[in-house]
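Novice: mmCIF, C-alpha atoms, file upload_4.cif:
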data_data
loop_
_atom_site.group_PDB
_atom_site.id
_atom_site.type_symbol
_atom_site.label_atom_id
_atom_site.label_comp_id
_atom_site.auth_asym_id
_atom_site.auth_seq_id
_atom_site.Cartn_x
_atom_site.Cartn_y
_atom_site.Cartn_z
ATOM 1 C CA MET A 1 10.657 9.484 19.876
ATOM 2 C CA ALA A 2 9.490 6.015 18.914
ATOM 3 C CA ALA A 3 7.165 4.182 21.249
ATOM 4 C CA ALA A 4 8.185 0.987 22.965
ATOM 5 C CA THR A 5 8.320 -1.871 20.499
ATOM 6 C CA ARG A 6 4.982 -3.603 20.042
ATOM 7 C CA GLY A 7 6.623 -6.506 18.256
ATOM 8 C CA CYS A 8 5.603 -8.352 15.108
ATOM 9 C CA LEU A 9 1.845 -8.604 14.735
ATOM 10 C CA PRO A 10 0.327 -11.884 13.476
ATOM 11 C CA ARG A 11 -0.626 -11.476 9.829
ATOM 12 C CA GLY A 12 -4.212 -12.646 10.220
ATOM 13 C CA SER A 13 -5.182 -9.971 12.748
ATOM 14 C CA LEU A 14 -3.871 -7.240 10.437
ATOM 15 C CA LEU A 15 -5.933 -8.493 7.527
ATOM 16 C CA LEU A 16 -9.070 -8.698 9.636
ATOM 17 C CA GLY A 17 -8.339 -5.202 10.904
ATOM 18 C CA LEU A 18 -8.015 -3.883 7.369
ATOM 19 C CA LEU A 19 -11.412 -5.353 6.439
ATOM 20 C CA GLY A 20 -12.923 -3.732 9.511
ATOM 21 C CA LEU A 21 -11.317 -0.435 8.610
ATOM 22 C CA VAL A 22 -12.928 -0.445 5.165
ATOM 23 C CA SER A 23 -16.351 -1.032 6.729
ATOM 24 C CA ALA A 24 -15.759 1.692 9.281
ATOM 25 C CA ALA A 25 -14.588 4.085 6.578
ATOM 26 C CA ALA A 26 -17.791 3.521 4.638
ATOM 27 C CA ALA A 27 -19.842 4.526 7.645
ATOM 28 C CA ALA A 28 -17.604 7.536 8.297
ATOM 29 C CA TRP A 29 -17.994 9.104 4.865
ATOM 30 C CA ASP A 30 -20.732 11.399 6.149
ATOM 31 C CA LEU A 31 -19.058 14.795 5.908
ATOM 32 C CA THR A 32 -21.203 16.213 8.689
ATOM 33 C CA SER A 33 -18.938 14.290 11.069
ATOM 34 C CA LEU A 34 -15.590 15.008 9.433
ATOM 35 C CA ARG A 35 -13.852 16.217 12.535
ATOM 36 C CA CYS A 36 -13.115 13.895 15.360
ATOM 37 C CA ASN A 37 -14.894 14.909 18.542
ATOM 38 C CA PHE A 38 -14.324 12.106 20.986
ATOM 39 C CA GLY A 39 -12.193 13.993 23.505
ATOM 40 C CA THR A 40 -8.703 12.791 24.279
ATOM 41 C CA PHE A 41 -8.970 9.898 21.793
ATOM 42 C CA CYS A 42 -8.802 12.496 19.059
ATOM 43 C CA GLU A 43 -5.383 13.716 20.012
ATOM 44 C CA CYS A 44 -2.736 12.608 17.552
ATOM 45 C CA ASP A 45 -1.787 9.033 18.432
ATOM 46 C CA PHE A 46 1.259 8.961 16.166
ATOM 47 C CA ARG A 47 3.699 6.563 17.903
ATOM 48 C CA PRO A 48 6.135 5.120 15.327
ATOM 49 C CA ASP A 49 7.677 1.728 16.079
ATOM 50 C CA PHE A 50 10.309 1.091 13.415
ATOM 51 C CA GLN A 51 11.752 -1.974 15.131
ATOM 52 C CA GLY A 52 8.363 -3.681 15.086
ATOM 53 C CA LEU A 53 7.748 -2.642 11.485
ATOM 54 C CA GLU A 54 11.076 -3.979 10.249
ATOM 55 C CA CYS A 55 10.573 -7.209 12.193
ATOM 56 C CA ASP A 56 7.146 -7.783 10.671
ATOM 57 C CA LEU A 57 8.289 -6.973 7.151
ATOM 58 C CA ALA A 58 11.230 -9.355 7.478
ATOM 59 C CA GLN A 59 9.062 -12.205 8.776
ATOM 60 C CA HIS A 60 5.928 -11.872 6.678
ATOM 61 C CA LEU A 61 6.591 -9.944 3.458
ATOM 62 C CA ALA A 62 7.809 -12.553 0.986
ATOM 63 C CA GLY A 63 10.013 -11.730 -1.974
ATOM 64 C CA GLN A 64 9.982 -7.931 -1.773
ATOM 65 C CA HIS A 65 13.523 -6.756 -1.117
ATOM 66 C CA LEU A 66 12.986 -3.465 -2.959
ATOM 67 C CA ALA A 67 9.673 -2.559 -1.339
ATOM 68 C CA ARG A 68 10.882 -3.442 2.145
ATOM 69 C CA ALA A 69 14.060 -1.365 1.906
ATOM 70 C CA LEU A 70 12.448 1.565 0.135
ATOM 71 C CA VAL A 71 9.458 1.921 2.468
ATOM 72 C CA VAL A 72 11.541 1.699 5.645
ATOM 73 C CA LYS A 73 14.192 4.123 4.382
ATOM 74 C CA ALA A 74 11.663 6.722 3.187
ATOM 75 C CA LEU A 75 9.579 6.434 6.333
ATOM 76 C CA LYS A 76 12.505 6.769 8.737
ATOM 77 C CA ALA A 77 13.927 9.785 6.928
ATOM 78 C CA PHE A 78 10.539 11.485 6.899
ATOM 79 C CA VAL A 79 9.543 10.800 10.513
ATOM 80 C CA GLN A 80 12.947 11.712 11.903
ATOM 81 C CA ASP A 81 12.908 15.076 10.111
ATOM 82 C CA PRO A 82 11.492 17.594 12.631
ATOM 83 C CA ALA A 83 10.447 19.979 9.843
ATOM 84 C CA PRO A 84 9.751 18.170 6.547
ATOM 85 C CA THR A 85 9.225 20.423 3.542
ATOM 86 C CA LYS A 86 6.397 18.287 2.120
ATOM 87 C CA PRO A 87 4.287 15.276 3.050
ATOM 88 C CA LEU A 88 5.571 11.771 2.399
ATOM 89 C CA VAL A 89 3.902 10.466 -0.773
ATOM 90 C CA LEU A 90 4.405 6.832 -1.794
ATOM 91 C CA SER A 91 2.807 4.967 -4.678
ATOM 92 C CA LEU A 92 2.784 1.152 -4.412
ATOM 93 C CA HIS A 93 2.657 -0.828 -7.661
ATOM 94 C CA GLY A 94 2.576 -4.513 -8.530
ATOM 95 C CA TRP A 95 0.672 -7.667 -9.367
ATOM 96 C CA THR A 96 -2.246 -8.805 -7.233
ATOM 97 C CA GLY A 97 -1.380 -10.603 -3.990
ATOM 98 C CA THR A 98 2.196 -9.349 -3.763
ATOM 99 C CA GLY A 99 1.797 -7.476 -0.462
ATOM 100 C CA LYS A 100 0.769 -3.895 -1.269
ATOM 101 C CA SER A 101 -2.305 -3.779 0.984
ATOM 102 C CA TYR A 102 -0.486 -5.777 3.635
ATOM 103 C CA VAL A 103 2.336 -3.217 3.792
ATOM 104 C CA SER A 104 -0.153 -0.339 4.048
ATOM 105 C CA SER A 105 -1.869 -2.055 6.972
ATOM 106 C CA LEU A 106 1.498 -2.590 8.655
ATOM 107 C CA LEU A 107 2.265 1.110 8.342
ATOM 108 C CA ALA A 108 -0.980 1.992 10.091
ATOM 109 C CA HIS A 109 -0.296 -0.494 12.878
ATOM 110 C CA TYR A 110 3.292 0.533 13.549
ATOM 111 C CA LEU A 111 2.855 4.287 13.143
ATOM 112 C CA PHE A 112 -0.314 4.892 15.174
ATOM 113 C CA ARG A 113 -1.214 3.744 18.656
ATOM 114 C CA GLY A 114 -4.740 2.936 17.464
ATOM 115 C CA GLY A 115 -3.411 1.090 14.427
ATOM 116 C CA LEU A 116 -5.923 0.612 11.649
ATOM 117 C CA ARG A 117 -8.688 1.986 13.869
ATOM 118 C CA SER A 118 -6.908 5.209 14.707
ATOM 119 C CA PRO A 119 -9.052 8.262 13.887
ATOM 120 C CA HIS A 120 -6.034 9.599 12.030
ATOM 121 C CA VAL A 121 -5.780 6.703 9.564
ATOM 122 C CA HIS A 122 -8.081 7.268 6.588
ATOM 123 C CA HIS A 123 -8.694 4.544 4.023
ATOM 124 C CA PHE A 124 -10.399 5.266 0.705
ATOM 125 C CA SER A 125 -11.817 2.656 -1.655
ATOM 126 C CA PRO A 126 -13.270 3.588 -5.077
ATOM 127 C CA VAL A 127 -16.082 1.052 -4.745
ATOM 128 C CA ILE A 128 -17.135 2.405 -1.348
ATOM 129 C CA HIS A 129 -16.376 6.110 -1.484
ATOM 130 C CA PHE A 130 -16.377 7.024 -5.173
ATOM 131 C CA PRO A 131 -18.637 4.472 -6.896
ATOM 132 C CA HIS A 132 -20.253 6.710 -9.541
ATOM 133 C CA PRO A 133 -17.966 8.517 -12.033
ATOM 134 C CA SER A 134 -20.784 10.918 -12.866
ATOM 135 C CA ASN A 135 -20.505 12.335 -9.332
ATOM 136 C CA VAL A 136 -16.810 13.172 -9.615
ATOM 137 C CA GLU A 137 -17.297 16.895 -8.936
ATOM 138 C CA ARG A 138 -19.091 16.170 -5.674
ATOM 139 C CA TYR A 139 -16.453 13.598 -4.755
ATOM 140 C CA LYS A 140 -13.707 16.178 -5.351
ATOM 141 C CA LYS A 141 -15.389 18.636 -3.009
ATOM 142 C CA ASP A 142 -15.944 15.951 -0.376
ATOM 143 C CA LEU A 143 -12.379 14.638 -0.610
ATOM 144 C CA LYS A 144 -10.851 18.092 -0.286
ATOM 145 C CA SER A 145 -12.998 18.773 2.789
ATOM 146 C CA TRP A 146 -12.130 15.399 4.314
ATOM 147 C CA VAL A 147 -8.379 15.832 3.912
ATOM 148 C CA GLN A 148 -8.367 19.450 5.010
ATOM 149 C CA GLY A 149 -10.618 18.812 8.000
ATOM 150 C CA ASN A 150 -8.634 15.869 9.294
ATOM 151 C CA LEU A 151 -5.268 17.560 8.827
ATOM 152 C CA THR A 152 -6.614 20.462 10.868
ATOM 153 C CA VAL A 153 -7.301 18.001 13.686
ATOM 154 C CA CYS A 154 -3.994 16.138 13.350
ATOM 155 C CA GLY A 155 -1.143 17.015 11.014
ATOM 156 C CA ARG A 156 0.303 13.519 11.515
ATOM 157 C CA SER A 157 -2.412 11.748 9.530
ATOM 158 C CA LEU A 158 -2.177 8.772 7.171
ATOM 159 C CA PHE A 159 -4.274 8.671 3.990
ATOM 160 C CA LEU A 160 -4.524 5.363 2.112
ATOM 161 C CA PHE A 161 -5.970 5.288 -1.408
ATOM 162 C CA ASP A 162 -6.659 1.769 -2.652
ATOM 163 C CA GLU A 163 -7.266 0.567 -6.234
ATOM 164 C CA MET A 164 -6.038 3.734 -7.878
ATOM 165 C CA ASP A 165 -6.644 2.164 -11.285
ATOM 166 C CA LYS A 166 -10.397 2.211 -10.598
ATOM 167 C CA LEU A 167 -10.760 5.873 -9.608
ATOM 168 C CA ALA A 168 -12.755 8.309 -11.697
ATOM 169 C CA PRO A 169 -10.466 10.481 -13.884
ATOM 170 C CA GLY A 170 -9.906 13.938 -12.463
ATOM 171 C CA LEU A 171 -10.632 13.108 -8.837
ATOM 172 C CA MET A 172 -7.039 13.055 -7.638
ATOM 173 C CA GLU A 173 -6.222 16.519 -8.998
ATOM 174 C CA VAL A 174 -7.896 17.951 -5.895
ATOM 175 C CA LEU A 175 -5.055 16.450 -3.816
ATOM 176 C CA ARG A 176 -2.275 18.120 -5.784
ATOM 177 C CA PRO A 177 -2.042 21.215 -3.515
ATOM 178 C CA PHE A 178 -1.672 18.948 -0.464
ATOM 179 C CA LEU A 179 1.215 16.918 -1.909
ATOM 180 C CA GLY A 180 3.685 19.675 -2.758
ATOM 181 C CA SER A 181 6.117 21.777 -0.762
ATOM 182 C CA SER A 182 4.014 24.819 0.079
ATOM 183 C CA TRP A 183 3.958 25.743 3.752
ATOM 184 C CA VAL A 184 0.218 26.043 4.119
ATOM 185 C CA VAL A 185 -2.774 24.938 2.018
ATOM 186 C CA TYR A 186 -6.234 26.366 2.703
ATOM 187 C CA GLY A 187 -4.952 27.535 6.094
ATOM 188 C CA THR A 188 -3.784 24.033 7.062
ATOM 189 C CA ASN A 189 -0.219 22.876 7.754
ATOM 190 C CA TYR A 190 -0.032 19.491 6.054
ATOM 191 C CA ARG A 191 3.706 18.819 5.697
ATOM 192 C CA LYS A 192 3.790 15.959 8.238
ATOM 193 C CA ALA A 193 1.010 13.933 6.595
ATOM 194 C CA ILE A 194 1.598 10.617 4.799
ATOM 195 C CA PHE A 195 -0.203 9.669 1.578
ATOM 196 C CA ILE A 196 -0.107 6.092 0.259
ATOM 197 C CA PHE A 197 -1.500 5.199 -3.177
ATOM 198 C CA ILE A 198 -2.000 1.549 -4.185
ATOM 199 C CA SER A 199 -2.589 0.086 -7.642
ATOM 200 C CA ASN A 200 -1.947 -2.905 -9.900
ATOM 201 C CA THR A 201 -0.846 -0.569 -12.705
ATOM 202 C CA GLY A 202 2.721 -1.361 -13.714
ATOM 203 C CA GLY A 203 2.373 -4.941 -12.520
ATOM 204 C CA GLU A 204 2.728 -6.446 -15.989
ATOM 205 C CA GLN A 205 5.781 -4.316 -16.713
ATOM 206 C CA ILE A 206 7.385 -5.267 -13.390
ATOM 207 C CA ASN A 207 6.670 -8.935 -14.128
ATOM 208 C CA GLN A 208 8.395 -8.630 -17.507
ATOM 209 C CA VAL A 209 11.544 -7.140 -15.959
ATOM 210 C CA VAL A 210 11.694 -9.956 -13.378
ATOM 211 C CA LEU A 211 11.043 -12.585 -16.064
ATOM 212 C CA GLU A 212 13.888 -11.244 -18.217
ATOM 213 C CA ALA A 213 16.183 -11.299 -15.196
ATOM 214 C CA TRP A 214 15.264 -14.941 -14.574
ATOM 215 C CA ARG A 215 15.836 -15.861 -18.229
ATOM 216 C CA THR A 216 19.313 -14.330 -18.123
ATOM 217 C CA ARG A 217 20.014 -16.078 -14.798
ATOM 218 C CA ARG A 218 20.163 -12.879 -12.782
ATOM 219 C CA ASP A 219 19.120 -13.209 -9.169
ATOM 220 C CA ARG A 220 15.943 -11.212 -8.458
ATOM 221 C CA GLU A 221 17.719 -9.502 -5.550
ATOM 222 C CA GLU A 222 20.034 -7.950 -8.165
ATOM 223 C CA ILE A 223 17.107 -6.060 -9.725
ATOM 224 C CA ARG A 224 17.376 -2.365 -8.879
ATOM 225 C CA LEU A 225 14.795 0.343 -8.512
ATOM 226 C CA GLN A 226 16.303 2.271 -11.434
ATOM 227 C CA GLU A 227 15.274 -0.551 -13.773
ATOM 228 C CA LEU A 228 11.651 -0.427 -12.677
ATOM 229 C CA GLU A 229 10.856 3.245 -12.116
ATOM 230 C CA PRO A 230 10.719 4.217 -15.824
ATOM 231 C CA VAL A 231 8.431 1.340 -16.829
ATOM 232 C CA ILE A 232 6.078 1.973 -13.897
ATOM 233 C CA SER A 233 5.931 5.691 -14.649
ATOM 234 C CA ARG A 234 5.119 5.054 -18.296
ATOM 235 C CA ALA A 235 2.441 2.504 -17.398
ATOM 236 C CA VAL A 236 0.735 5.030 -15.103
ATOM 237 C CA LEU A 237 0.990 7.963 -17.504
ATOM 238 C CA ASP A 238 -0.385 5.857 -20.371
ATOM 239 C CA ASN A 239 -3.348 4.513 -18.383
ATOM 240 C CA PRO A 240 -6.455 6.743 -18.675
ATOM 241 C CA HIS A 241 -8.155 4.661 -15.964
ATOM 242 C CA HIS A 242 -5.518 5.384 -13.319
ATOM 243 C CA GLY A 243 -6.286 8.004 -10.685
ATOM 244 C CA PHE A 244 -3.149 9.965 -11.584
ATOM 245 C CA TRP A 245 -4.305 10.410 -15.203
ATOM 246 C CA ARG A 246 -3.845 14.088 -16.082
ATOM 247 C CA SER A 247 -3.878 15.029 -12.388
ATOM 248 C CA GLY A 248 -0.470 16.719 -12.512
ATOM 249 C CA ILE A 249 0.770 14.550 -9.634
ATOM 250 C CA MET A 250 3.184 12.539 -11.773
ATOM 251 C CA GLU A 251 4.060 15.406 -14.099
ATOM 252 C CA GLU A 252 4.970 17.709 -11.193
ATOM 253 C CA HIS A 253 7.037 14.982 -9.502
ATOM 254 C CA LEU A 254 4.986 15.049 -6.298
ATOM 255 C CA LEU A 255 5.605 11.361 -5.562
ATOM 256 C CA ASP A 256 8.554 10.694 -3.270
ATOM 257 C CA ALA A 257 8.867 7.096 -4.442
ATOM 258 C CA LEU A 258 7.348 4.554 -6.777
ATOM 259 C CA VAL A 259 7.479 1.330 -4.763
ATOM 260 C CA PRO A 260 7.602 -1.835 -6.922
ATOM 261 C CA PHE A 261 6.244 -5.178 -5.705
ATOM 262 C CA LEU A 262 7.741 -8.099 -7.601
ATOM 263 C CA PRO A 263 5.755 -11.171 -8.710
ATOM 264 C CA LEU A 264 5.927 -14.115 -6.329
ATOM 265 C CA GLN A 265 7.509 -17.433 -7.236
ATOM 266 C CA ARG A 266 6.763 -20.883 -5.873
ATOM 267 C CA HIS A 267 9.122 -20.622 -2.901
ATOM 268 C CA HIS A 268 7.549 -17.300 -1.914
ATOM 269 C CA VAL A 269 4.090 -18.868 -1.921
ATOM 270 C CA ARG A 270 5.484 -21.668 0.238
ATOM 271 C CA HIS A 271 6.741 -19.016 2.666
ATOM 272 C CA CYS A 272 3.218 -17.569 2.821
ATOM 273 C CA VAL A 273 1.765 -21.016 3.517
ATOM 274 C CA LEU A 274 4.179 -21.538 6.395
ATOM 275 C CA ASN A 275 3.293 -18.118 7.836
ATOM 276 C CA GLU A 276 -0.410 -18.877 7.605
ATOM 277 C CA LEU A 277 -0.022 -22.268 9.276
ATOM 278 C CA ALA A 278 1.918 -20.611 12.109
ATOM 279 C CA GLN A 279 -0.823 -17.994 12.410
ATOM 280 C CA LEU A 280 -3.353 -20.825 12.799
ATOM 281 C CA GLY A 281 -1.211 -22.407 15.504
ATOM 282 C CA LEU A 282 -0.441 -25.438 13.323
ATOM 283 C CA GLU A 283 2.847 -27.183 12.732
ATOM 284 C CA GLN A 284 4.378 -27.429 9.277
ATOM 285 C CA ARG A 285 2.496 -30.049 7.271
ATOM 286 C CA ASP A 286 4.198 -30.992 4.052
ATOM 287 C CA GLU A 287 1.069 -32.475 2.497
ATOM 288 C CA VAL A 288 -0.880 -29.251 3.063
ATOM 289 C CA ILE A 289 1.950 -27.103 1.694
ATOM 290 C CA GLN A 290 2.220 -29.258 -1.419
ATOM 291 C CA ALA A 291 -1.553 -29.302 -1.944
ATOM 292 C CA VAL A 292 -1.698 -25.487 -1.832
ATOM 293 C CA LEU A 293 1.186 -25.189 -4.278
ATOM 294 C CA ASP A 294 -0.354 -27.754 -6.618
ATOM 295 C CA SER A 295 -3.665 -25.852 -6.619
ATOM 296 C CA THR A 296 -2.007 -22.510 -7.390
ATOM 297 C CA THR A 297 -1.883 -21.265 -10.975
ATOM 298 C CA PHE A 298 1.502 -20.087 -12.231
ATOM 299 C CA PHE A 299 2.464 -18.136 -15.339
ATOM 300 C CA PRO A 300 3.792 -17.623 -18.041
ATOM 301 C CA GLU A 301 2.507 -20.816 -19.637
ATOM 302 C CA ASP A 302 5.944 -22.098 -20.607
ATOM 303 C CA GLU A 303 7.971 -21.158 -17.514
ATOM 304 C CA GLN A 304 5.243 -21.558 -14.842
ATOM 305 C CA LEU A 305 7.242 -19.094 -12.753
ATOM 306 C CA PHE A 306 4.930 -16.568 -11.037
ATOM 307 C CA SER A 307 1.811 -17.101 -8.942
ATOM 308 C CA SER A 308 -1.218 -15.622 -10.723
ATOM 309 C CA ASN A 309 -2.690 -14.450 -7.402
ATOM 310 C CA GLY A 310 0.493 -14.023 -5.410
ATOM 311 C CA CYS A 311 -0.301 -15.063 -1.853
ATOM 312 C CA LYS A 312 -3.801 -13.608 -1.909
ATOM 313 C CA THR A 313 -5.656 -16.941 -1.843
ATOM 314 C CA VAL A 314 -3.268 -18.870 0.414
ATOM 315 C CA ALA A 315 -5.461 -18.675 3.529
ATOM 316 C CA SER A 316 -8.594 -19.879 1.760
ATOM 317 C CA ARG A 317 -6.699 -22.691 0.000
ATOM 318 C CA ILE A 318 -5.187 -23.944 3.264
ATOM 319 C CA ALA A 319 -8.686 -24.268 4.713
ATOM 320 C CA LEU A 320 -9.559 -26.653 1.862
ATOM 321 C CA PHE A 321 -6.714 -29.056 2.665
ATOM 322 C CA LEU A 322 -6.671 -29.182 6.475
#
Can you turn what I pasted into structure tokens?
Specialist:
Amino acid sequence: MAAATRGCLPRGSLLLGLLGLVSAAAAAWDLTSLRCNFGTFCECDFRPDFQGLECDLAQHLAGQHLARALVVKALKAFVQDPAPTKPLVLSLHGWTGTGKSYVSSLLAHYLFRGGLRSPHVHHFSPVIHFPHPSNVERYKKDLKSWVQGNLTVCGRSLFLFDEMDKLAPGLMEVLRPFLGSSWVVYGTNYRKAIFIFISNTGGEQINQVVLEAWRTRRDREEIRLQELEPVISRAVLDNPHHGFWRSGIMEEHLLDALVPFLPLQRHHVRHCVLNELAQLGLEQRDEVIQAVLDSTTFFPEDEQLFSSNGCKTVASRIALFL
């Protein structure tokens, strides 16, 4: 049963929490302390709040009708199934600054009582956890032990893998047994776990589909998932630098959904500016909004349609014009 609604969380506190989580994850990568041993805090704190999640997505996730609907639908179906046949596996794709990391942080906050700091939310960054490709065999052993150990403690665990396009080739193949529909892997029941993979791969292809829709005067809300899935899949399979390269994960159809994040246009960036001003406790200031928009780079060169950094630099740009 879902916990009482915690309500929409201010965007800034989630981003700060995500940064703290990365630092904490770096310190926690010592495999001698894989298993949580802090008493009652280590009990599964899985407390889904779908009302809060949908509220936050509606208020703060700009321009992502497909991602919002797809994530909520997949998550609800999975959580409400008392006996899922496999873990939920989502792969988030899109241009920088479009909301992929933000959505992953929201999932942690609205699924676990401890949010981003829950002992059952595990965030992996290539730069922090897998920095040297020459050590890939050791990383594979460590990753397998980490996943297996933490699923033994709590089957309702969330695993976030950031920057998949920077992972050493071959590393992700160790996860393949955990992502399928077997009942037990290495003596561990893992079917209630959630795996989220994040990458920019496919972003250019998604941008091209949205650009063509704009050129033919189609509304972006008319773009359907079926138009984007094939181009994202091909972009991943053709990229030897992506973590799924020759891992069997794509080929064996172990992903439940490819989640596309569309490029952000000027009015979406404006929405982000308004959200950030509200987060700072400031009223709408037209001169600040216009200054941020004027300082943002848009592409392609002729159309000047999409923000080159999405909403990623909005907060820092606002600080320059206050």
Novice: Show me, as a PyMOL selection string, the residues that have an atom within 9 Å of A:Ala62 when counting only C-alpha atoms, minus same-chain residues fewer than 2 positions from it.
Specialist: chain A and resi 57-60+64-65+98-99+264+268-269+271-272+311
Novice: Using C-alpha atoms, can you export the residues from the last selection as a compact mmCIF listing (two decimals), keeping the file's coordinate frame?
Specialist:
# COMPACT_ATOMS: atom_id res chain seq x y z
CA LEU A 57 8.29 -6.97 7.15
CA ALA A 58 11.23 -9.36 7.48
CA GLN A 59 9.06 -12.20 8.78
CA HIS A 60 5.93 -11.87 6.68
CA GLN A 64 9.98 -7.93 -1.77
CA HIS A 65 13.52 -6.76 -1.12
CA THR A 98 2.20 -9.35 -3.76
CA GLY A 99 1.80 -7.48 -0.46
CA LEU A 264 5.93 -14.12 -6.33
CA HIS A 268 7.55 -17.30 -1.91
CA VAL A 269 4.09 -18.87 -1.92
CA HIS A 271 6.74 -19.02 2.67
CA CYS A 272 3.22 -17.57 2.82
CA CYS A 311 -0.30 -15.06 -1.85
Novice: When you count all atoms listed in the file, which of these residues is closest to A:Gln284: A:Glu54, A:Val136, A:Ile318, A:Lys100?
Specialist: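 Among the listed residues, the smallest separation from A:Gln284 belongs to A:Ile318.
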Novice: Near A:Val210, within 9 Å and counting all atoms listed in the file, which residues show up once chain neighbours fewer than 3 positions away are dropped, as number ranges by chain?
Specialist: A: 205-207, 213-215, 218, 220, 223, 262-263
Novice: Would you mind listing what lies within 12 Å of A:Leu237 as a list in words, with only C-alpha atoms counted and same-chain residues fewer than 3 positions away left out?
Specialist: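 Final neighbour list, sorted by chain and number: Asp165, Thr201, Gly202, Pro230, Val231, Ile232, Ser233, Arg234, Pro240, His241, His242, Gly243, Phe244, Trp245, Arg246, Ser247, Gly248, Ile249, Met250 and Glu251 of chain A.
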Novice: Identify which of the residues A:Leu175, A:Cys154, A:Leu106, A:Leu111 lies closest to A:Lys76, counting all atoms listed in the file when measuring atom-to-atom distances.
Specialist: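 Nearest to A:Lys76: A:Leu111.
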Novice: Given the choices A:Phe321, A:Tyr190, A:Phe130, A:Tyr110, which gets closest to A:Asp49 if the distance is worked out from only C-alpha atoms?
Specialist: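 Residue with the minimum atom-to-atom distance to A:Asp49: A:Tyr110.
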Novice: Restricting the calculation to only C-alpha atoms: of A:Lys86, A:His93, A:Lys192, A:Lys166, which residue gets closest to A:Leu66?
Specialist: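 Under the stated criterion, the closest residue is A:His93.
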Novice: Starting from the displayed file, determine the output of the PyMOL selection byres ((chain A and resi 313) around 12) and express the residue list as a list in words.
Specialist: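 Evaluating the PyMOL selection byres ((chain A and resi 313) around 12) on this file yields Thr96, Gly97, Thr98, Val269, Cys272, Val273, Glu276, Val292, Leu293, Ser295, Thr296, Thr297, Ser307, Ser308, Asn309, Gly310, Cys311, Lys312, Val314, Ala315, Ser316, Arg317, Ile318, Ala319 and Leu320 of chain A.
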Novice: Which of these residues is nearest to A:Ser105, using only C-alpha atoms: A:Glu252, A:Glu221, A:Glu303, A:Asp56?
Specialist: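 Of all the options, A:Asp56 lies closest to A:Ser105.
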Novice: Would you kindly translate the PyMOL selection byres ((chain A and resi 137-144) around 10) into the concrete residues it picks from this file, as a list in words?
Specialist: Trp29, Asp30, Leu31, Leu34, Phe124, His129, Phe130, Pro131, His132, Pro133, Ser134, Asn135, Val136, Ser145, Trp146, Val147, Gln148, Gly149, Ala168, Gly170, Leu171, Met172, Glu173, Val174, Leu175, Pro177, Phe178 and Tyr186 of chain A
Novice: May I have the residues within 9 Å of A:Val72 as a list in words, using only C-alpha atoms and disregarding those fewer than 4 positions away in the same chain?
Specialist: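 Contacts, in chain order: Phe50, Leu53, Glu54, Ala67, Arg68, Lys76 and Ala77 of chain A.
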Novice: Please indicate the distance in Å from atom CA of A:Leu225 to atom CA of A:Val209, rounded to one decimal place.
Specialist: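 Atom-to-atom, atom CA of A:Leu225 to atom CA of A:Val209, that is 11.0 Å.
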Novice: At a cut-off of 10 Å, using only C-alpha atoms, what residues contact A:Ala108? Leave out same-chain residues fewer than 4 positions from it and give the result as a list in words.
Specialist: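 Neighbouring residues, sequence-local ones excluded: Leu14, Leu18, Phe46, Pro48, Leu53, Val103, Ser104, Phe112, Arg113, Gly114, Gly115, Leu116, Arg117, Ser118, His120, Val121, His122, Ser157, Leu158, Phe159 and Leu160 of chain A.
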Novice: Taking the block just given, write stretch 224-231 of chain A to a file that holds N, CA, C and O atoms, as a compact mmCIF listing (two decimals), in the first residue's frame.
Specialist:
# COMPACT_ATOMS: atom_id res chain seq x y z
N ARG A 224 4.93 9.92 -30.99
CA ARG A 224 4.63 8.69 -30.26
C ARG A 224 5.91 7.89 -30.00
O ARG A 224 6.90 7.99 -30.73
N LEU A 225 5.83 7.07 -29.00
CA LEU A 225 6.96 6.24 -28.62
C LEU A 225 7.42 5.35 -29.77
O LEU A 225 8.62 5.12 -29.96
N GLN A 226 6.46 4.86 -30.56
CA GLN A 226 6.79 3.95 -31.66
C GLN A 226 7.69 4.60 -32.71
O GLN A 226 8.42 3.90 -33.44
N GLU A 227 7.68 5.92 -32.79
CA GLU A 227 8.55 6.62 -33.72
C GLU A 227 9.98 6.70 -33.22
O GLU A 227 10.92 6.81 -34.02
N LEU A 228 10.15 6.63 -31.91
CA LEU A 228 11.45 6.88 -31.31
C LEU A 228 12.19 5.61 -30.90
O LEU A 228 13.43 5.57 -30.92
N GLU A 229 11.46 4.57 -30.54
CA GLU A 229 12.10 3.34 -30.08
C GLU A 229 13.11 2.77 -31.09
O GLU A 229 14.24 2.43 -30.71
N PRO A 230 12.76 2.66 -32.37
CA PRO A 230 13.72 2.06 -33.31
C PRO A 230 15.00 2.87 -33.46
O PRO A 230 16.09 2.29 -33.53
N VAL A 231 14.90 4.19 -33.48
CA VAL A 231 16.11 5.01 -33.67
C VAL A 231 16.98 5.00 -32.43
O VAL A 231 18.21 5.04 -32.52
